[in-house]
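Peer 1: Can you read through this structure? Questions will come right after.
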Amino acid sequence: MVLRSTDPRTWHRGLSSRTYPWSRRFFRLLLPRVQLLEVEAFFIVCLGSQSQVRAIEEVSRGIVNSSLVHPREVFRSAILAGASGIIVVHNHPSGDPTPSADDRSVTRQIVDAGRLLDIPCYDHLVIGGDRYVSFVEAGLL
(Lines give C-alpha, C1' and ligand atoms only; values in the text may rest on other atoms or scores of the structure.)
Protein backbone atom coordinates (compact mmCIF):
# COMPACT_ATOMS: atom_id res chain seq x y z
CA MET A 1 0.00 0.00 0.00
CA VAL A 2 1.45 3.35 -1.05
CA LEU A 3 0.62 6.56 0.77
CA ARG A 4 1.29 9.71 -1.19
CA SER A 5 2.01 12.85 0.79
CA THR A 6 -0.73 15.44 0.51
CA ASP A 7 1.76 18.28 0.62
CA PRO A 8 5.26 16.94 -0.05
CA ARG A 9 6.72 20.45 -0.02
CA THR A 10 6.43 20.55 3.76
CA TRP A 11 8.27 17.33 4.61
CA HIS A 12 11.71 18.29 3.32
CA ARG A 13 12.06 21.32 5.58
CA GLY A 14 14.91 20.78 8.00
CA LEU A 15 16.38 17.80 6.14
CA SER A 16 20.13 18.36 6.22
CA SER A 17 23.30 16.54 7.09
CA ARG A 18 23.87 18.54 10.30
CA THR A 19 20.50 18.36 12.04
CA TYR A 20 17.93 15.59 12.05
CA PRO A 21 14.51 17.10 12.86
CA TRP A 22 12.96 14.90 10.19
CA SER A 23 13.23 11.90 12.53
CA ARG A 24 10.45 13.21 14.76
CA ARG A 25 8.37 14.20 11.71
CA PHE A 26 8.51 10.73 10.22
CA PHE A 27 7.90 9.19 13.65
CA ARG A 28 4.72 11.26 13.98
CA LEU A 29 3.71 10.47 10.41
CA LEU A 30 4.04 6.69 10.81
CA LEU A 31 3.10 6.29 14.48
CA PRO A 32 -0.66 5.91 13.80
CA ARG A 33 0.06 3.15 11.26
CA VAL A 34 2.34 1.07 13.51
CA GLN A 35 1.39 1.86 17.09
CA LEU A 36 -1.28 -0.81 17.47
CA LEU A 37 0.25 -3.49 15.25
CA GLU A 38 0.83 -6.80 17.02
CA VAL A 39 3.52 -7.84 14.54
CA GLU A 40 6.55 -6.09 13.10
CA ALA A 41 6.05 -4.14 9.90
CA PHE A 42 8.78 -2.56 7.77
CA PHE A 43 8.17 0.66 5.82
CA ILE A 44 10.14 2.70 3.33
CA VAL A 45 9.79 6.47 2.94
CA CYS A 46 10.79 7.37 -0.62
CA LEU A 47 12.24 10.86 -0.99
CA GLY A 48 12.61 12.94 -4.14
CA SER A 49 15.61 14.99 -5.20
CA GLN A 50 14.52 17.89 -2.98
CA SER A 51 13.96 15.47 -0.06
CA GLN A 52 10.18 15.68 -0.46
CA VAL A 53 8.13 12.59 0.35
CA ARG A 54 7.24 10.79 -2.87
CA ALA A 55 5.70 7.69 -1.29
CA ILE A 56 5.46 5.63 1.87
CA GLU A 57 5.11 1.91 1.40
CA GLU A 58 4.89 -1.11 3.68
CA VAL A 59 7.59 -3.48 2.43
CA SER A 60 6.98 -6.45 4.71
CA ARG A 61 5.06 -7.66 7.70
CA GLY A 62 6.47 -10.29 9.99
CA ILE A 63 5.70 -11.95 13.29
CA VAL A 64 5.68 -10.67 16.86
CA ASN A 65 9.45 -10.21 17.14
CA SER A 66 10.71 -10.34 13.56
CA SER A 67 10.08 -8.84 10.14
CA LEU A 68 11.78 -10.47 7.19
CA VAL A 69 13.08 -7.79 4.87
CA HIS A 70 15.70 -7.88 2.15
CA PRO A 71 17.33 -4.89 0.45
CA ARG A 72 15.94 -6.06 -2.90
CA GLU A 73 12.35 -5.43 -1.69
CA VAL A 74 13.30 -2.10 -0.16
CA PHE A 75 14.98 -0.82 -3.31
CA ARG A 76 12.37 -2.27 -5.65
CA SER A 77 9.93 0.11 -3.98
CA ALA A 78 12.44 2.98 -4.06
CA ILE A 79 13.18 2.53 -7.76
CA LEU A 80 9.51 2.25 -8.70
CA ALA A 81 8.82 5.48 -6.77
CA GLY A 82 11.73 7.26 -8.47
CA ALA A 83 13.35 7.90 -5.08
CA SER A 84 16.57 9.85 -4.75
CA GLY A 85 16.95 8.72 -1.14
CA ILE A 86 15.09 6.72 1.49
CA ILE A 87 14.35 6.48 5.18
CA VAL A 88 13.37 3.07 6.53
CA VAL A 89 11.05 2.59 9.49
CA HIS A 90 9.82 -0.41 11.41
CA ASN A 91 8.05 -1.08 14.68
CA HIS A 92 8.75 -3.17 17.74
CA PRO A 93 5.39 -4.44 19.08
CA SER A 94 7.05 -5.00 22.48
CA GLY A 95 7.10 -1.23 22.97
CA ASP A 96 10.89 -1.12 23.32
CA PRO A 97 12.42 0.75 20.36
CA THR A 98 15.99 -0.38 21.10
CA PRO A 99 17.49 -1.67 17.83
CA SER A 100 18.32 -5.37 17.87
CA ALA A 101 21.41 -6.98 16.35
CA ASP A 102 19.22 -8.03 13.39
CA ASP A 103 18.04 -4.43 12.98
CA ARG A 104 21.64 -3.24 12.80
CA SER A 105 22.58 -5.97 10.33
CA VAL A 106 19.66 -5.27 7.99
CA THR A 107 20.41 -1.55 8.16
CA ARG A 108 24.03 -2.15 7.13
CA GLN A 109 22.82 -4.24 4.18
CA ILE A 110 20.35 -1.53 3.12
CA VAL A 111 22.96 1.23 3.43
CA ASP A 112 25.48 -0.80 1.40
CA ALA A 113 22.92 -1.59 -1.31
CA GLY A 114 21.91 2.07 -1.41
CA ARG A 115 25.50 3.10 -2.05
CA LEU A 116 25.67 0.75 -5.04
CA LEU A 117 22.40 2.08 -6.44
CA ASP A 118 23.13 5.74 -5.60
CA ILE A 119 19.96 5.87 -3.48
CA PRO A 120 21.20 6.73 0.02
CA CYS A 121 19.47 5.54 3.17
CA TYR A 122 19.32 8.66 5.35
CA ASP A 123 18.02 7.04 8.53
CA HIS A 124 16.36 4.00 10.08
CA LEU A 125 13.69 4.65 12.70
CA VAL A 126 12.56 1.96 15.11
CA ILE A 127 9.21 2.75 16.73
CA GLY A 128 8.19 1.09 19.97
CA GLY A 129 5.05 2.25 21.75
CA ASP A 130 5.11 6.04 21.74
CA ARG A 131 8.93 6.25 21.48
CA TYR A 132 11.45 5.85 18.68
CA VAL A 133 15.16 5.41 18.08
CA SER A 134 16.79 7.07 15.09
CA PHE A 135 19.93 5.31 13.88
CA VAL A 136 21.37 8.69 12.88
CA GLU A 137 20.61 10.36 16.21
CA ALA A 138 22.02 7.33 18.08
CA GLY A 139 25.22 7.40 16.00
CA LEU A 140 24.51 4.00 14.45
CA LEU A 141 24.40 5.24 10.87
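Going by the C-alpha coordinates order, chains are called A, B, ..., each with residues numbered from 1, while ligands are numbered from 1 in the order shown.
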Got a sec: who's within 8 Å of Ser23 of chain A, counting only C-alpha atoms, leaving out chain neighbours fewer than 6 positions off, as a CSV table (one decimal) with N, CA, C and O atoms, in the first residue's frame?
Peer 2:
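Written output follows (result_22.csv):
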```csv
chain,number,residue,atom,x,y,z
A,123,ASP,N,18.3,7.4,7.1
A,123,ASP,CA,18.0,7.0,8.5
A,123,ASP,C,17.2,5.7,8.6
A,123,ASP,O,16.6,5.3,7.6
A,125,LEU,N,14.4,4.4,11.5
A,125,LEU,CA,13.7,4.6,12.7
A,125,LEU,C,13.1,3.4,13.2
A,125,LEU,O,12.5,2.6,12.4
A,134,SER,N,16.3,6.7,16.4
A,134,SER,CA,16.8,7.1,15.1
A,134,SER,C,18.2,6.6,15.0
A,134,SER,O,19.0,6.9,15.9
```
Peer 1: Counting only C-alpha atoms, what is within 6 Å of segment 37-46 of chain A, bar same-chain residues fewer than 2 positions away, as an MDAnalysis selection string?
Peer 2: chainID A and resid 34:35 53:64 66:67 78 83 86:93
Peer 1: Which polymer residues have any atom within 12 Å of an atom of segment 102-106 of chain A, counting only C-alpha atoms, with same-chain residues fewer than 2 positions away left out, as a PyMOL selection string?
Peer 2: chain A and resi 40+42+65-72+74+88-92+97-100+108-113+121+123-127+133-136+138-141
Peer 1: Can you list, as a PDB file with N, CA, C and O atoms, in the first residue's frame, all residues belonging to chain A that DSSP tags as strand (DSSP E)?
Peer 2:
```
ATOM      1  N   VAL A   2       0.649   2.144  -0.920  1.00  0.00           N
ATOM      2  CA  VAL A   2       1.449   3.354  -1.046  1.00  0.00           C
ATOM      3  C   VAL A   2       0.632   4.531  -0.550  1.00  0.00           C
ATOM      4  O   VAL A   2      -0.529   4.687  -0.911  1.00  0.00           O
ATOM      5  N   LEU A   3       1.241   5.342   0.288  1.00  0.00           N
ATOM      6  CA  LEU A   3       0.618   6.559   0.770  1.00  0.00           C
ATOM      7  C   LEU A   3       1.358   7.727   0.156  1.00  0.00           C
ATOM      8  O   LEU A   3       2.560   7.868   0.360  1.00  0.00           O
ATOM      9  N   ALA A  41       6.275  -4.551  11.284  1.00  0.00           N
ATOM     10  CA  ALA A  41       6.055  -4.143   9.900  1.00  0.00           C
ATOM     11  C   ALA A  41       7.189  -3.208   9.512  1.00  0.00           C
ATOM     12  O   ALA A  41       7.670  -2.420  10.332  1.00  0.00           O
ATOM     13  N   PHE A  42       7.630  -3.314   8.267  1.00  0.00           N
ATOM     14  CA  PHE A  42       8.783  -2.563   7.772  1.00  0.00           C
ATOM     15  C   PHE A  42       8.303  -1.644   6.654  1.00  0.00           C
ATOM     16  O   PHE A  42       7.668  -2.091   5.706  1.00  0.00           O
ATOM     17  N   PHE A  43       8.609  -0.350   6.778  1.00  0.00           N
ATOM     18  CA  PHE A  43       8.170   0.660   5.820  1.00  0.00           C
ATOM     19  C   PHE A  43       9.363   1.362   5.188  1.00  0.00           C
ATOM     20  O   PHE A  43      10.424   1.467   5.798  1.00  0.00           O
ATOM     21  N   ILE A  44       9.148   1.876   3.998  1.00  0.00           N
ATOM     22  CA  ILE A  44      10.142   2.705   3.334  1.00  0.00           C
ATOM     23  C   ILE A  44       9.489   4.048   3.008  1.00  0.00           C
ATOM     24  O   ILE A  44       8.349   4.090   2.540  1.00  0.00           O
ATOM     25  N   VAL A  45      10.200   5.116   3.321  1.00  0.00           N
ATOM     26  CA  VAL A  45       9.788   6.465   2.940  1.00  0.00           C
ATOM     27  C   VAL A  45      10.675   6.845   1.764  1.00  0.00           C
ATOM     28  O   VAL A  45      11.900   6.928   1.913  1.00  0.00           O
ATOM     29  N   CYS A  46      10.064   7.033   0.601  1.00  0.00           N
ATOM     30  CA  CYS A  46      10.795   7.370  -0.616  1.00  0.00           C
ATOM     31  C   CYS A  46      10.839   8.883  -0.764  1.00  0.00           C
ATOM     32  O   CYS A  46       9.791   9.543  -0.743  1.00  0.00           O
ATOM     33  N   LEU A  47      12.042   9.420  -0.897  1.00  0.00           N
ATOM     34  CA  LEU A  47      12.237  10.863  -0.988  1.00  0.00           C
ATOM     35  C   LEU A  47      12.692  11.252  -2.383  1.00  0.00           C
ATOM     36  O   LEU A  47      13.479  10.540  -3.006  1.00  0.00           O
ATOM     37  N   VAL A  53       8.667  13.941   0.297  1.00  0.00           N
ATOM     38  CA  VAL A  53       8.127  12.591   0.346  1.00  0.00           C
ATOM     39  C   VAL A  53       7.424  12.290  -0.969  1.00  0.00           C
ATOM     40  O   VAL A  53       6.524  13.005  -1.378  1.00  0.00           O
ATOM     41  N   ARG A  54       7.885  11.240  -1.628  1.00  0.00           N
ATOM     42  CA  ARG A  54       7.237  10.787  -2.869  1.00  0.00           C
ATOM     43  C   ARG A  54       6.239   9.684  -2.577  1.00  0.00           C
ATOM     44  O   ARG A  54       5.207   9.587  -3.215  1.00  0.00           O
ATOM     45  N   ALA A  55       6.588   8.801  -1.630  1.00  0.00           N
ATOM     46  CA  ALA A  55       5.697   7.686  -1.288  1.00  0.00           C
ATOM     47  C   ALA A  55       6.129   7.080   0.035  1.00  0.00           C
ATOM     48  O   ALA A  55       7.288   7.202   0.438  1.00  0.00           O
ATOM     49  N   ILE A  56       5.185   6.440   0.685  1.00  0.00           N
ATOM     50  CA  ILE A  56       5.455   5.630   1.870  1.00  0.00           C
ATOM     51  C   ILE A  56       4.814   4.281   1.601  1.00  0.00           C
ATOM     52  O   ILE A  56       3.633   4.213   1.261  1.00  0.00           O
ATOM     53  N   GLU A  57       5.616   3.232   1.737  1.00  0.00           N
ATOM     54  CA  GLU A  57       5.108   1.907   1.397  1.00  0.00           C
ATOM     55  C   GLU A  57       5.505   0.896   2.462  1.00  0.00           C
ATOM     56  O   GLU A  57       6.637   0.905   2.951  1.00  0.00           O
ATOM     57  N   GLU A  58       4.577   0.016   2.803  1.00  0.00           N
ATOM     58  CA  GLU A  58       4.893  -1.108   3.679  1.00  0.00           C
ATOM     59  C   GLU A  58       5.577  -2.167   2.825  1.00  0.00           C
ATOM     60  O   GLU A  58       5.018  -2.628   1.836  1.00  0.00           O
ATOM     61  N   VAL A  59       6.793  -2.524   3.201  1.00  0.00           N
ATOM     62  CA  VAL A  59       7.589  -3.476   2.430  1.00  0.00           C
ATOM     63  C   VAL A  59       7.348  -4.897   2.895  1.00  0.00           C
ATOM     64  O   VAL A  59       7.288  -5.817   2.079  1.00  0.00           O
ATOM     65  N   SER A  60       7.230  -5.091   4.205  1.00  0.00           N
ATOM     66  CA  SER A  60       6.981  -6.446   4.712  1.00  0.00           C
ATOM     67  C   SER A  60       6.304  -6.386   6.060  1.00  0.00           C
ATOM     68  O   SER A  60       6.350  -5.372   6.762  1.00  0.00           O
ATOM     69  N   ARG A  61       5.696  -7.505   6.395  1.00  0.00           N
ATOM     70  CA  ARG A  61       5.061  -7.664   7.703  1.00  0.00           C
ATOM     71  C   ARG A  61       5.493  -9.020   8.219  1.00  0.00           C
ATOM     72  O   ARG A  61       5.457 -10.003   7.496  1.00  0.00           O
ATOM     73  N   GLY A  85      16.458   9.136  -2.444  1.00  0.00           N
ATOM     74  CA  GLY A  85      16.948   8.724  -1.139  1.00  0.00           C
ATOM     75  C   GLY A  85      15.798   8.088  -0.383  1.00  0.00           C
ATOM     76  O   GLY A  85      14.635   8.209  -0.777  1.00  0.00           O
ATOM     77  N   ILE A  86      16.129   7.400   0.705  1.00  0.00           N
ATOM     78  CA  ILE A  86      15.091   6.720   1.487  1.00  0.00           C
ATOM     79  C   ILE A  86      15.344   6.871   2.983  1.00  0.00           C
ATOM     80  O   ILE A  86      16.469   7.148   3.417  1.00  0.00           O
ATOM     81  N   ILE A  87      14.288   6.672   3.736  1.00  0.00           N
ATOM     82  CA  ILE A  87      14.346   6.477   5.178  1.00  0.00           C
ATOM     83  C   ILE A  87      13.555   5.207   5.431  1.00  0.00           C
ATOM     84  O   ILE A  87      12.462   5.034   4.874  1.00  0.00           O
ATOM     85  N   VAL A  88      14.093   4.291   6.221  1.00  0.00           N
ATOM     86  CA  VAL A  88      13.367   3.069   6.530  1.00  0.00           C
ATOM     87  C   VAL A  88      12.863   3.141   7.967  1.00  0.00           C
ATOM     88  O   VAL A  88      13.491   3.773   8.828  1.00  0.00           O
ATOM     89  N   VAL A  89      11.714   2.523   8.196  1.00  0.00           N
ATOM     90  CA  VAL A  89      11.051   2.590   9.494  1.00  0.00           C
ATOM     91  C   VAL A  89      10.430   1.228   9.782  1.00  0.00           C
ATOM     92  O   VAL A  89       9.853   0.617   8.887  1.00  0.00           O
ATOM     93  N   HIS A  90      10.581   0.763  11.008  1.00  0.00           N
ATOM     94  CA  HIS A  90       9.815  -0.411  11.414  1.00  0.00           C
ATOM     95  C   HIS A  90       9.463  -0.301  12.890  1.00  0.00           C
ATOM     96  O   HIS A  90       9.991   0.551  13.599  1.00  0.00           O
ATOM     97  N   ASN A  91       8.542  -1.131  13.305  1.00  0.00           N
ATOM     98  CA  ASN A  91       8.053  -1.078  14.683  1.00  0.00           C
ATOM     99  C   ASN A  91       8.534  -2.276  15.487  1.00  0.00           C
ATOM    100  O   ASN A  91       8.907  -3.306  14.934  1.00  0.00           O
ATOM    101  N   CYS A 121      20.386   5.737   2.049  1.00  0.00           N
ATOM    102  CA  CYS A 121      19.473   5.543   3.168  1.00  0.00           C
ATOM    103  C   CYS A 121      19.868   6.574   4.216  1.00  0.00           C
ATOM    104  O   CYS A 121      20.954   6.493   4.795  1.00  0.00           O
ATOM    105  N   TYR A 122      18.999   7.556   4.442  1.00  0.00           N
ATOM    106  CA  TYR A 122      19.319   8.656   5.351  1.00  0.00           C
ATOM    107  C   TYR A 122      19.142   8.313   6.819  1.00  0.00           C
ATOM    108  O   TYR A 122      19.791   8.901   7.681  1.00  0.00           O
ATOM    109  N   ASP A 123      18.257   7.381   7.123  1.00  0.00           N
ATOM    110  CA  ASP A 123      18.015   7.037   8.526  1.00  0.00           C
ATOM    111  C   ASP A 123      17.200   5.746   8.598  1.00  0.00           C
ATOM    112  O   ASP A 123      16.589   5.330   7.602  1.00  0.00           O
ATOM    113  N   HIS A 124      17.212   5.137   9.760  1.00  0.00           N
ATOM    114  CA  HIS A 124      16.357   4.000  10.077  1.00  0.00           C
ATOM    115  C   HIS A 124      15.726   4.322  11.421  1.00  0.00           C
ATOM    116  O   HIS A 124      16.438   4.540  12.405  1.00  0.00           O
ATOM    117  N   LEU A 125      14.412   4.390  11.455  1.00  0.00           N
ATOM    118  CA  LEU A 125      13.689   4.646  12.697  1.00  0.00           C
ATOM    119  C   LEU A 125      13.065   3.353  13.186  1.00  0.00           C
ATOM    120  O   LEU A 125      12.453   2.621  12.413  1.00  0.00           O
ATOM    121  N   VAL A 126      13.217   3.090  14.473  1.00  0.00           N
ATOM    122  CA  VAL A 126      12.558   1.961  15.113  1.00  0.00           C
ATOM    123  C   VAL A 126      11.553   2.551  16.092  1.00  0.00           C
ATOM    124  O   VAL A 126      11.925   3.313  16.983  1.00  0.00           O
ATOM    125  N   ILE A 127      10.279   2.218  15.891  1.00  0.00           N
ATOM    126  CA  ILE A 127       9.209   2.747  16.727  1.00  0.00           C
ATOM    127  C   ILE A 127       8.745   1.660  17.676  1.00  0.00           C
ATOM    128  O   ILE A 127       8.450   0.540  17.261  1.00  0.00           O
ATOM    129  N   GLY A 128       8.697   1.998  18.953  1.00  0.00           N
ATOM    130  CA  GLY A 128       8.187   1.086  19.973  1.00  0.00           C
ATOM    131  C   GLY A 128       7.279   1.856  20.904  1.00  0.00           C
ATOM    132  O   GLY A 128       7.725   2.801  21.557  1.00  0.00           O
ATOM    133  N   ARG A 131       7.533   5.789  21.543  1.00  0.00           N
ATOM    134  CA  ARG A 131       8.930   6.249  21.475  1.00  0.00           C
ATOM    135  C   ARG A 131       9.568   5.740  20.191  1.00  0.00           C
ATOM    136  O   ARG A 131       9.053   4.840  19.543  1.00  0.00           O
ATOM    137  N   TYR A 132      10.717   6.320  19.857  1.00  0.00           N
ATOM    138  CA  TYR A 132      11.450   5.848  18.685  1.00  0.00           C
ATOM    139  C   TYR A 132      12.941   6.007  18.915  1.00  0.00           C
ATOM    140  O   TYR A 132      13.383   6.767  19.773  1.00  0.00           O
ATOM    141  N   VAL A 133      13.711   5.253  18.135  1.00  0.00           N
ATOM    142  CA  VAL A 133      15.159   5.410  18.075  1.00  0.00           C
ATOM    143  C   VAL A 133      15.513   5.680  16.625  1.00  0.00           C
ATOM    144  O   VAL A 133      15.089   4.943  15.727  1.00  0.00           O
ATOM    145  N   SER A 134      16.255   6.738  16.404  1.00  0.00           N
ATOM    146  CA  SER A 134      16.790   7.073  15.086  1.00  0.00           C
ATOM    147  C   SER A 134      18.225   6.573  15.039  1.00  0.00           C
ATOM    148  O   SER A 134      19.023   6.904  15.916  1.00  0.00           O
TER     149      SER A 134
END
```
Peer 1: Show which residues sit within 6 Å of Ser84 of chain A, as a VMD selection string. Count only C-alpha atoms, and ignore same-chain residues fewer than 2 positions away.
Peer 2: chain A and resid 47 to 49 119
Peer 1: Per DSSP on the backbone, filter segment 8-134 of chain A down to the residues in alpha helix (DSSP H) and report them as JSON, numbers by chain.
Peer 2: {"A": [22, 23, 24, 25, 26, 27, 28, 29, 30, 31, 32, 33, 34, 71, 72, 73, 74, 75, 76, 77, 78, 79, 80, 101, 102, 103, 104, 105, 106, 107, 108, 109, 110, 111, 112, 113, 114, 115, 116, 117]}
Peer 1: Hey, can you spit out that residue selection with N, CA and C atoms as a short mmCIF file (atom, residue, chain, number, x, y, z; two decimals), in the first residue's frame?
Peer 2:
```cif
data_model
loop_
_atom_site.label_atom_id
_atom_site.label_comp_id
_atom_site.auth_asym_id
_atom_site.auth_seq_id
_atom_site.Cartn_x
_atom_site.Cartn_y
_atom_site.Cartn_z
N TRP A 22 13.90 15.71 10.95
CA TRP A 22 12.96 14.90 10.19
C TRP A 22 12.61 13.62 10.94
N SER A 23 13.49 13.14 11.80
CA SER A 23 13.23 11.90 12.53
C SER A 23 11.90 11.98 13.27
N ARG A 24 11.69 13.05 14.01
CA ARG A 24 10.45 13.21 14.76
C ARG A 24 9.27 13.36 13.81
N ARG A 25 9.46 14.05 12.68
CA ARG A 25 8.37 14.20 11.71
C ARG A 25 7.92 12.86 11.16
N PHE A 26 8.87 12.02 10.78
CA PHE A 26 8.51 10.73 10.22
C PHE A 26 7.97 9.79 11.30
N PHE A 27 8.47 9.94 12.52
CA PHE A 27 7.90 9.19 13.65
C PHE A 27 6.43 9.54 13.80
N ARG A 28 6.12 10.83 13.83
CA ARG A 28 4.72 11.26 13.98
C ARG A 28 3.86 10.82 12.79
N LEU A 29 4.45 10.85 11.61
CA LEU A 29 3.71 10.47 10.41
C LEU A 29 3.34 8.98 10.43
N LEU A 30 4.26 8.14 10.86
CA LEU A 30 4.04 6.69 10.81
C LEU A 30 3.49 6.10 12.10
N LEU A 31 3.57 6.82 13.20
CA LEU A 31 3.10 6.29 14.48
C LEU A 31 1.67 5.75 14.41
N PRO A 32 0.71 6.46 13.84
CA PRO A 32 -0.66 5.91 13.80
C PRO A 32 -0.77 4.60 13.03
N ARG A 33 0.11 4.38 12.07
CA ARG A 33 0.06 3.15 11.26
C ARG A 33 0.67 1.96 11.98
N VAL A 34 1.63 2.20 12.90
CA VAL A 34 2.34 1.07 13.51
C VAL A 34 2.06 0.88 14.99
N PRO A 71 17.11 -6.13 1.20
CA PRO A 71 17.33 -4.89 0.45
C PRO A 71 16.67 -4.89 -0.93
N ARG A 72 16.54 -6.04 -1.56
CA ARG A 72 15.94 -6.06 -2.90
C ARG A 72 14.50 -5.56 -2.86
N GLU A 73 13.73 -5.92 -1.80
CA GLU A 73 12.35 -5.43 -1.69
C GLU A 73 12.32 -3.94 -1.38
N VAL A 74 13.24 -3.51 -0.52
CA VAL A 74 13.30 -2.10 -0.16
C VAL A 74 13.59 -1.26 -1.40
N PHE A 75 14.59 -1.65 -2.17
CA PHE A 75 14.98 -0.82 -3.31
C PHE A 75 14.10 -1.03 -4.53
N ARG A 76 13.39 -2.13 -4.60
CA ARG A 76 12.37 -2.27 -5.65
C ARG A 76 11.35 -1.15 -5.49
N SER A 77 10.89 -0.95 -4.26
CA SER A 77 9.93 0.11 -3.98
C SER A 77 10.53 1.49 -4.26
N ALA A 78 11.78 1.69 -3.86
CA ALA A 78 12.44 2.98 -4.06
C ALA A 78 12.59 3.30 -5.54
N ILE A 79 12.99 2.31 -6.32
CA ILE A 79 13.18 2.53 -7.76
C ILE A 79 11.86 2.81 -8.44
N LEU A 80 10.83 2.04 -8.09
CA LEU A 80 9.51 2.25 -8.70
C LEU A 80 8.95 3.63 -8.36
N ALA A 101 20.26 -6.64 17.20
CA ALA A 101 21.41 -6.98 16.35
C ALA A 101 20.94 -7.20 14.91
N ASP A 102 19.78 -7.84 14.74
CA ASP A 102 19.22 -8.03 13.39
C ASP A 102 18.89 -6.70 12.74
N ASP A 103 18.35 -5.76 13.51
CA ASP A 103 18.04 -4.43 12.98
C ASP A 103 19.30 -3.75 12.45
N ARG A 104 20.37 -3.86 13.21
CA ARG A 104 21.64 -3.24 12.80
C ARG A 104 22.19 -3.91 11.54
N SER A 105 22.09 -5.23 11.48
CA SER A 105 22.58 -5.97 10.33
C SER A 105 21.81 -5.61 9.06
N VAL A 106 20.50 -5.61 9.15
CA VAL A 106 19.66 -5.27 7.99
C VAL A 106 19.94 -3.83 7.55
N THR A 107 20.12 -2.94 8.51
CA THR A 107 20.41 -1.55 8.16
C THR A 107 21.73 -1.45 7.40
N ARG A 108 22.74 -2.16 7.85
CA ARG A 108 24.03 -2.15 7.13
C ARG A 108 23.86 -2.64 5.70
N GLN A 109 23.07 -3.71 5.52
CA GLN A 109 22.82 -4.24 4.18
C GLN A 109 22.10 -3.21 3.30
N ILE A 110 21.11 -2.53 3.88
CA ILE A 110 20.35 -1.53 3.12
C ILE A 110 21.24 -0.35 2.76
N VAL A 111 22.05 0.11 3.69
CA VAL A 111 22.96 1.23 3.43
C VAL A 111 23.96 0.85 2.33
N ASP A 112 24.52 -0.35 2.42
CA ASP A 112 25.48 -0.80 1.40
C ASP A 112 24.83 -0.91 0.02
N ALA A 113 23.63 -1.47 -0.03
CA ALA A 113 22.92 -1.59 -1.31
C ALA A 113 22.59 -0.20 -1.86
N GLY A 114 22.22 0.71 -0.98
CA GLY A 114 21.91 2.07 -1.41
C GLY A 114 23.11 2.77 -2.02
N ARG A 115 24.28 2.51 -1.47
CA ARG A 115 25.50 3.10 -2.05
C ARG A 115 25.71 2.60 -3.48
N LEU A 116 25.50 1.32 -3.69
CA LEU A 116 25.67 0.75 -5.04
C LEU A 116 24.67 1.34 -6.04
N LEU A 117 23.46 1.59 -5.56
CA LEU A 117 22.40 2.08 -6.44
C LEU A 117 22.33 3.61 -6.50
#
```
